[in-house]
Amino acid sequence: MPRYTSYPTVPFWADGIDESKWKQTFQSEFWKKNLREGISLYIHLPFCDSLCTYCGCNKKITTHHHVEEEYLAAIEKEWKLYRRLMNEPPIIREIHLGGGTPTFFSPRNLLLLLETITKRSIVHPHREFSVEGHPNNTTQKHLEVLYSLGFRRISFGVQDNDPEVQRIINRIQPFENLRNVTEKARAIGFTSVNFDLIYGLPKQTKETIQTTISQVLELKPDRVAFYSYAHVPWTSRGQRLFDENDLPSAEEKLALYISGKRLFVEAGYQDIGMDHFALQTDNLYEAWLDGRLHRNFMGYTTQTTSLLLGLGVSSISDAGIAFAQNTKSLHEYYERIDKNELAIQRGYFLDEEDLSFRKYILDISCRGATQFRPVDLPLLEEFSFPELSSLSADGLVDWNKKEVVVTSLGLHFIRNICRAFDLHLLRSHQKGQKIFSKAI
């Protein structure tokens with residue numbers, strides 16, 4: 001089941017994309033939106049010291065840090081290619097460094113990267129800069145440099161604290177490392193320290209996940225992403241190392257989620273949408289409360305920019321009416337950038353139907369309700385209303401032909417409710433195609 005950071009979701013995009021059409025679309029949308037909204041940037045930093053076998057992200061495993069300079073030089077070239085399409089300095093509202101492991105890169109190289117991006121750009125006073133960090137290799141110097149550049153949010157990949165689960169997923173990180181780096185980040189001035197946890201991993205039980213959550217709650221993260229493990233060994237080869245008999249059943253996996261959610265709520269966290277919990281002091285909660293929550297390829301965000309530029313191998317750009325994804329091959333990425341070509345490999349240009357149903361999915365995932373356009377009723381009656389009837393019978397939604405509202409029980413199943421508006425997925429199921437992992 002997709003996480004709906006886009007619609008249509010990536011598997012339905014076309015391999016191959018008209019580069020000139022994408023450039024025209026990006027340029028046109030930039031001119032419309034830069035002064036009004038600013039833009040968001042996602043920068044993919046793919047290198048990791050070791051393979052976490054559960055991970056489905058695009059990554060390159062190496063212990064040789066000389067790869068940093070070549071990669072950052074390519075990022076700079078790619079940024080310059082996009083800058084040529086801009087008629088004015090970009091107003092940067094949001095930067096997210098993802099991976100891979102962004103803190104694989106040295107503090108000095110991260111400084112050079114961000115100075116390159118912000119040079120001759122305008123950094124918005126209400127920016128949100130965030131980074132993903134590994135508890136084992138995020139140093140005091142990393143934190144100091146990122147803070148000096150305007151970063152105030154950092155997310156640490158915890159996943160699970162149980163030694164046996166860590167051994168199986170090849171992610172050995174003592175809890176003390178997480179405690180130390182969290183305390184350092186807060187002492188330096190980071191105002192939002194976030195943890196990523198995963199339920200449904202091999203050998204997880206209700207007891208072990210409750211222990212993990214109880215431990216991380218001692219550190220009171222400002223927000224928590226509590227993700228469902230997506231078992232897709234047909235695309236993520238590392239997952240083939242698992243014994244599938246060690247994976248929890250669908251019923252056991254749901255019990256893990258409900259048990260974890262109960263602990264978060266009891267500790268004062270608000271369930272603000274798909275997989276995310278936030279303290280009432282966190283700005284993500286405030287955005288949820290005010291109806292300002294937005295969702296894009298970086299997950300939930302307080303920024304409502306509708307133009308997201310992705311830089312780096314496999315990164316995705318969202319121009320509001322079109323998507324483009326860079327090649328997943330590092331070699332091909334370097335080759336294209338060296339030729340002064342954009343590295344885009346696949347993408348999608350949205351039609352009117354896509355734009356309507358994308359809005360329904362965004363409304364459900366960010367606000368828990370949406371209203372229907374009369375012009376969409378034929379499609380809604382054919383595809384969505386039968387799904388909503390089933391969801392309503394389970395107590396997950398209240399709906400009529402004008403709107404749908406998610407119930408308190410339905411908050412456990414936002415992805416399933418979004419699926420009712422995923423016409424591409426529903427049509428593919430009519431053809432008997434299997435594309436995604438199970439929702440639970």
# chains A, B, ... in the order shown; residues from 1 in each chain; ligands from 1
>>> residues_around(residues="segment 20-35 of chain A", least_positions_apart="4", cutoff="7 Å", atoms="only C-alpha atoms", output="JSON, numbers by chain")
{"A": [39, 85, 86, 90, 91, 319]}
>>> select_by_dssp(residues="segment 162-285 of chain A", states="alpha helix (DSSP H)", output="NGL selection string")
:A and (163-169 or 175-188 or 206-218 or 250-266 or 283-285)
>>> residues_around(residues="segment 407-420 of chain A", least_positions_apart="2", cutoff="8 Å", atoms="only C-alpha atoms", output="PyMOL selection string")
chain A and resi 1-4+258+271+273-274+360-361+364-365+368+383-385+387-388+391+395-398+405+422-423+425-426+439
>>> write_last_selection(atoms="N, CA and C atoms", output="PDB file, in the first residue's frame")
ATOM      1  N   MET A   1       0.853  -1.192   0.000  1.00  0.00           N
ATOM      2  CA  MET A   1       0.000   0.000   0.000  1.00  0.00           C
ATOM      3  C   MET A   1       0.895   1.250   0.000  1.00  0.00           C
ATOM      4  N   PRO A   2       0.710   2.157  -0.941  1.00  0.00           N
ATOM      5  CA  PRO A   2       1.573   3.347  -1.005  1.00  0.00           C
ATOM      6  C   PRO A   2       1.357   4.291   0.172  1.00  0.00           C
ATOM      7  N   ARG A   3       2.369   5.143   0.423  1.00  0.00           N
ATOM      8  CA  ARG A   3       2.266   6.140   1.496  1.00  0.00           C
ATOM      9  C   ARG A   3       1.704   7.462   0.982  1.00  0.00           C
ATOM     10  N   TYR A   4       1.426   7.531  -0.288  1.00  0.00           N
ATOM     11  CA  TYR A   4       0.784   8.697  -0.907  1.00  0.00           C
ATOM     12  C   TYR A   4       1.533  10.001  -0.641  1.00  0.00           C
ATOM     13  N   ILE A 258      -1.188  -0.634  16.976  1.00  0.00           N
ATOM     14  CA  ILE A 258      -2.154  -0.146  17.963  1.00  0.00           C
ATOM     15  C   ILE A 258      -1.499  -0.022  19.336  1.00  0.00           C
ATOM     16  N   ASP A 271      -1.868  12.082  17.197  1.00  0.00           N
ATOM     17  CA  ASP A 271      -1.830  11.398  15.908  1.00  0.00           C
ATOM     18  C   ASP A 271      -2.251  12.414  14.852  1.00  0.00           C
ATOM     19  N   GLY A 273      -1.760  12.198  11.478  1.00  0.00           N
ATOM     20  CA  GLY A 273      -1.951  11.705  10.120  1.00  0.00           C
ATOM     21  C   GLY A 273      -1.218  10.408   9.901  1.00  0.00           C
ATOM     22  N   MET A 274      -0.976  10.102   8.658  1.00  0.00           N
ATOM     23  CA  MET A 274      -0.389   8.839   8.265  1.00  0.00           C
ATOM     24  C   MET A 274       0.979   8.615   8.905  1.00  0.00           C
ATOM     25  N   TYR A 360      -8.120  15.120  -3.361  1.00  0.00           N
ATOM     26  CA  TYR A 360      -8.865  14.310  -2.400  1.00  0.00           C
ATOM     27  C   TYR A 360      -7.911  13.558  -1.468  1.00  0.00           C
ATOM     28  N   ILE A 361      -6.860  12.990  -2.047  1.00  0.00           N
ATOM     29  CA  ILE A 361      -5.903  12.222  -1.249  1.00  0.00           C
ATOM     30  C   ILE A 361      -5.141  13.129  -0.285  1.00  0.00           C
ATOM     31  N   ILE A 364      -7.495  14.085   2.607  1.00  0.00           N
ATOM     32  CA  ILE A 364      -7.682  12.986   3.563  1.00  0.00           C
ATOM     33  C   ILE A 364      -6.435  12.811   4.425  1.00  0.00           C
ATOM     34  N   SER A 365      -5.251  12.826   3.817  1.00  0.00           N
ATOM     35  CA  SER A 365      -4.025  12.553   4.558  1.00  0.00           C
ATOM     36  C   SER A 365      -3.624  13.710   5.469  1.00  0.00           C
ATOM     37  N   GLY A 368      -8.076  14.912   7.121  1.00  0.00           N
ATOM     38  CA  GLY A 368      -9.036  13.901   7.529  1.00  0.00           C
ATOM     39  C   GLY A 368     -10.426  14.089   6.959  1.00  0.00           C
ATOM     40  N   PHE A 383     -15.657   4.108  -8.887  1.00  0.00           N
ATOM     41  CA  PHE A 383     -14.485   3.588  -8.202  1.00  0.00           C
ATOM     42  C   PHE A 383     -14.478   3.846  -6.689  1.00  0.00           C
ATOM     43  N   SER A 384     -14.728   5.085  -6.276  1.00  0.00           N
ATOM     44  CA  SER A 384     -14.496   5.466  -4.880  1.00  0.00           C
ATOM     45  C   SER A 384     -15.650   5.099  -3.951  1.00  0.00           C
ATOM     46  N   PHE A 385     -16.881   5.312  -4.378  1.00  0.00           N
ATOM     47  CA  PHE A 385     -18.016   5.093  -3.483  1.00  0.00           C
ATOM     48  C   PHE A 385     -18.145   3.636  -3.030  1.00  0.00           C
ATOM     49  N   GLU A 387     -15.680   1.648  -2.457  1.00  0.00           N
ATOM     50  CA  GLU A 387     -14.636   1.529  -1.430  1.00  0.00           C
ATOM     51  C   GLU A 387     -15.077   2.217  -0.144  1.00  0.00           C
ATOM     52  N   LEU A 388     -15.668   3.415  -0.268  1.00  0.00           N
ATOM     53  CA  LEU A 388     -16.117   4.152   0.907  1.00  0.00           C
ATOM     54  C   LEU A 388     -17.229   3.411   1.640  1.00  0.00           C
ATOM     55  N   LEU A 391     -15.478   0.874   3.725  1.00  0.00           N
ATOM     56  CA  LEU A 391     -14.786   1.540   4.833  1.00  0.00           C
ATOM     57  C   LEU A 391     -15.788   2.027   5.878  1.00  0.00           C
ATOM     58  N   GLY A 395     -16.593   1.286  10.075  1.00  0.00           N
ATOM     59  CA  GLY A 395     -16.544   2.405  11.006  1.00  0.00           C
ATOM     60  C   GLY A 395     -15.386   3.351  10.799  1.00  0.00           C
ATOM     61  N   LEU A 396     -14.801   3.341   9.590  1.00  0.00           N
ATOM     62  CA  LEU A 396     -13.599   4.144   9.352  1.00  0.00           C
ATOM     63  C   LEU A 396     -13.902   5.528   8.784  1.00  0.00           C
ATOM     64  N   VAL A 397     -15.045   5.681   8.120  1.00  0.00           N
ATOM     65  CA  VAL A 397     -15.421   6.970   7.534  1.00  0.00           C
ATOM     66  C   VAL A 397     -16.922   7.192   7.674  1.00  0.00           C
ATOM     67  N   ASP A 398     -17.295   8.477   7.639  1.00  0.00           N
ATOM     68  CA  ASP A 398     -18.680   8.890   7.427  1.00  0.00           C
ATOM     69  C   ASP A 398     -18.704   9.619   6.090  1.00  0.00           C
ATOM     70  N   VAL A 405     -15.625  12.126   5.755  1.00  0.00           N
ATOM     71  CA  VAL A 405     -14.909  12.519   6.970  1.00  0.00           C
ATOM     72  C   VAL A 405     -14.359  11.254   7.629  1.00  0.00           C
ATOM     73  N   ASP A 422      -7.526   6.390  -5.273  1.00  0.00           N
ATOM     74  CA  ASP A 422      -6.392   6.075  -6.133  1.00  0.00           C
ATOM     75  C   ASP A 422      -6.906   5.317  -7.356  1.00  0.00           C
ATOM     76  N   LEU A 423      -7.350   6.062  -8.347  1.00  0.00           N
ATOM     77  CA  LEU A 423      -7.942   5.439  -9.520  1.00  0.00           C
ATOM     78  C   LEU A 423      -6.954   4.576 -10.277  1.00  0.00           C
ATOM     79  N   LEU A 425      -4.484   2.803  -8.990  1.00  0.00           N
ATOM     80  CA  LEU A 425      -4.341   1.535  -8.279  1.00  0.00           C
ATOM     81  C   LEU A 425      -5.598   0.679  -8.428  1.00  0.00           C
ATOM     82  N   LEU A 426      -6.770   1.282  -8.310  1.00  0.00           N
ATOM     83  CA  LEU A 426      -8.018   0.524  -8.418  1.00  0.00           C
ATOM     84  C   LEU A 426      -8.179  -0.073  -9.813  1.00  0.00           C
ATOM     85  N   ALA A 439      -0.850  -3.197   3.219  1.00  0.00           N
ATOM     86  CA  ALA A 439      -1.006  -1.988   4.039  1.00  0.00           C
ATOM     87  C   ALA A 439      -0.597  -2.252   5.483  1.00  0.00           C
TER      88      ALA A 439
END
>>> residues_around(residues="Pro174 of chain A", least_positions_apart="5", cutoff="12 Å", atoms="only C-alpha atoms", output="list of chain:residue names")
A:His134, A:Pro135, A:Asn136, A:Val158, A:Gln159, A:Asp160, A:Asn161, A:Asp162, A:Pro163, A:Gln166, A:Arg167, A:Arg179, A:Asn180, A:Val181, A:Thr212, A:Gln215
>>> residues_around(residues="Glu252 of chain A", least_positions_apart="6", cutoff="9 Å", atoms="only C-alpha atoms", output="list of chain:residue names")
A:Gly200, A:Thr205, A:Lys206
>>> residues_around(residues="Glu94 of chain A", least_positions_apart="3", cutoff="7 Å", atoms="only C-alpha atoms", output="ChimeraX atom specification")
/A:39-41,127-129
>>> closest_atom_pairs(of="segment 112-223 of chain A", to="segment 287-304 of chain A", cutoff="12 Å", atoms="only C-alpha atoms", output="JSON lines")
{"residue": "A:His124", "atom": "CA", "partner": "A:Gln303", "partner_atom": "CA", "distance": 11.3}
{"residue": "A:His126", "atom": "CA", "partner": "A:Gln303", "partner_atom": "CA", "distance": 9.1}
{"residue": "A:Arg127", "atom": "CA", "partner": "A:Gln303", "partner_atom": "CA", "distance": 8.1}
{"residue": "A:Glu128", "atom": "CA", "partner": "A:Gln303", "partner_atom": "CA", "distance": 7.6}
{"residue": "A:Phe129", "atom": "CA", "partner": "A:Gln303", "partner_atom": "CA", "distance": 10.6}
{"residue": "A:Ser130", "atom": "CA", "partner": "A:Met298", "partner_atom": "CA", "distance": 9.8}
{"residue": "A:Val131", "atom": "CA", "partner": "A:Met298", "partner_atom": "CA", "distance": 10.5}
{"residue": "A:Glu132", "atom": "CA", "partner": "A:Met298", "partner_atom": "CA", "distance": 10.8}
{"residue": "A:Arg153", "atom": "CA", "partner": "A:Thr301", "partner_atom": "CA", "distance": 11.4}
{"residue": "A:Ser155", "atom": "CA", "partner": "A:Met298", "partner_atom": "CA", "distance": 11.7}
{"residue": "A:Asp196", "atom": "CA", "partner": "A:Gly299", "partner_atom": "CA", "distance": 12.0}
{"residue": "A:Arg223", "atom": "CA", "partner": "A:Tyr300", "partner_atom": "CA", "distance": 11.0}
>>> write_last_selection(atoms="N, CA and C atoms", output="CSV table (one decimal), in the first residue's frame")
chain,number,residue,atom,x,y,z
A,124,HIS,N,14.2,32.2,2.9
A,124,HIS,CA,13.0,32.8,3.5
A,124,HIS,C,13.2,32.9,5.0
A,126,HIS,N,11.1,32.4,7.3
A,126,HIS,CA,10.3,31.3,8.0
A,126,HIS,C,10.6,30.0,7.3
A,127,ARG,N,11.9,29.8,7.0
A,127,ARG,CA,12.3,28.5,6.4
A,127,ARG,C,12.2,27.3,7.3
A,128,GLU,N,12.2,26.1,6.8
A,128,GLU,CA,12.3,24.9,7.6
A,128,GLU,C,13.4,24.0,6.9
A,129,PHE,N,14.6,23.9,7.6
A,129,PHE,CA,15.7,23.1,7.1
A,129,PHE,C,15.8,21.9,8.0
A,130,SER,N,15.8,20.7,7.4
A,130,SER,CA,15.8,19.5,8.1
A,130,SER,C,16.8,18.5,7.5
A,131,VAL,N,17.3,17.5,8.4
A,131,VAL,CA,18.3,16.6,7.9
A,131,VAL,C,18.0,15.2,8.6
A,132,GLU,N,18.3,14.2,7.9
A,132,GLU,CA,18.3,12.8,8.5
A,132,GLU,C,19.6,12.5,9.0
A,153,ARG,N,15.7,21.2,12.6
A,153,ARG,CA,15.0,19.9,12.7
A,153,ARG,C,16.0,18.8,12.3
A,155,SER,N,16.1,14.4,12.2
A,155,SER,CA,15.4,13.1,12.4
A,155,SER,C,16.4,12.0,12.5
A,196,ASP,N,12.5,8.1,13.9
A,196,ASP,CA,11.8,7.2,13.0
A,196,ASP,C,11.9,5.8,13.6
A,223,ARG,N,8.6,14.8,17.6
A,223,ARG,CA,7.7,14.1,16.8
A,223,ARG,C,8.2,12.7,16.4
>>> residues_around(residues="segment 327-334 of chain A", least_positions_apart="6", cutoff="7 Å", atoms="only C-alpha atoms", output="list in words")
Asn58, Ala74, Val313, Ser314, Ala343, Ile344 and Gln345 of chain A
>>> write_last_selection(atoms="C-alpha atoms", output="PDB file, in the first residue's frame")
ATOM      1  CA  ASN A  58      18.226   4.201  -3.020  1.00  0.00           C
ATOM      2  CA  ALA A  74      27.610  16.669  -9.618  1.00  0.00           C
ATOM      3  CA  VAL A 313      20.551  10.387  -7.767  1.00  0.00           C
ATOM      4  CA  SER A 314      16.970   8.975  -7.681  1.00  0.00           C
ATOM      5  CA  ALA A 343      19.404  13.339 -15.039  1.00  0.00           C
ATOM      6  CA  ILE A 344      15.635  12.746 -15.173  1.00  0.00           C
ATOM      7  CA  GLN A 345      14.667   9.232 -16.241  1.00  0.00           C
TER       8      GLN A 345
END
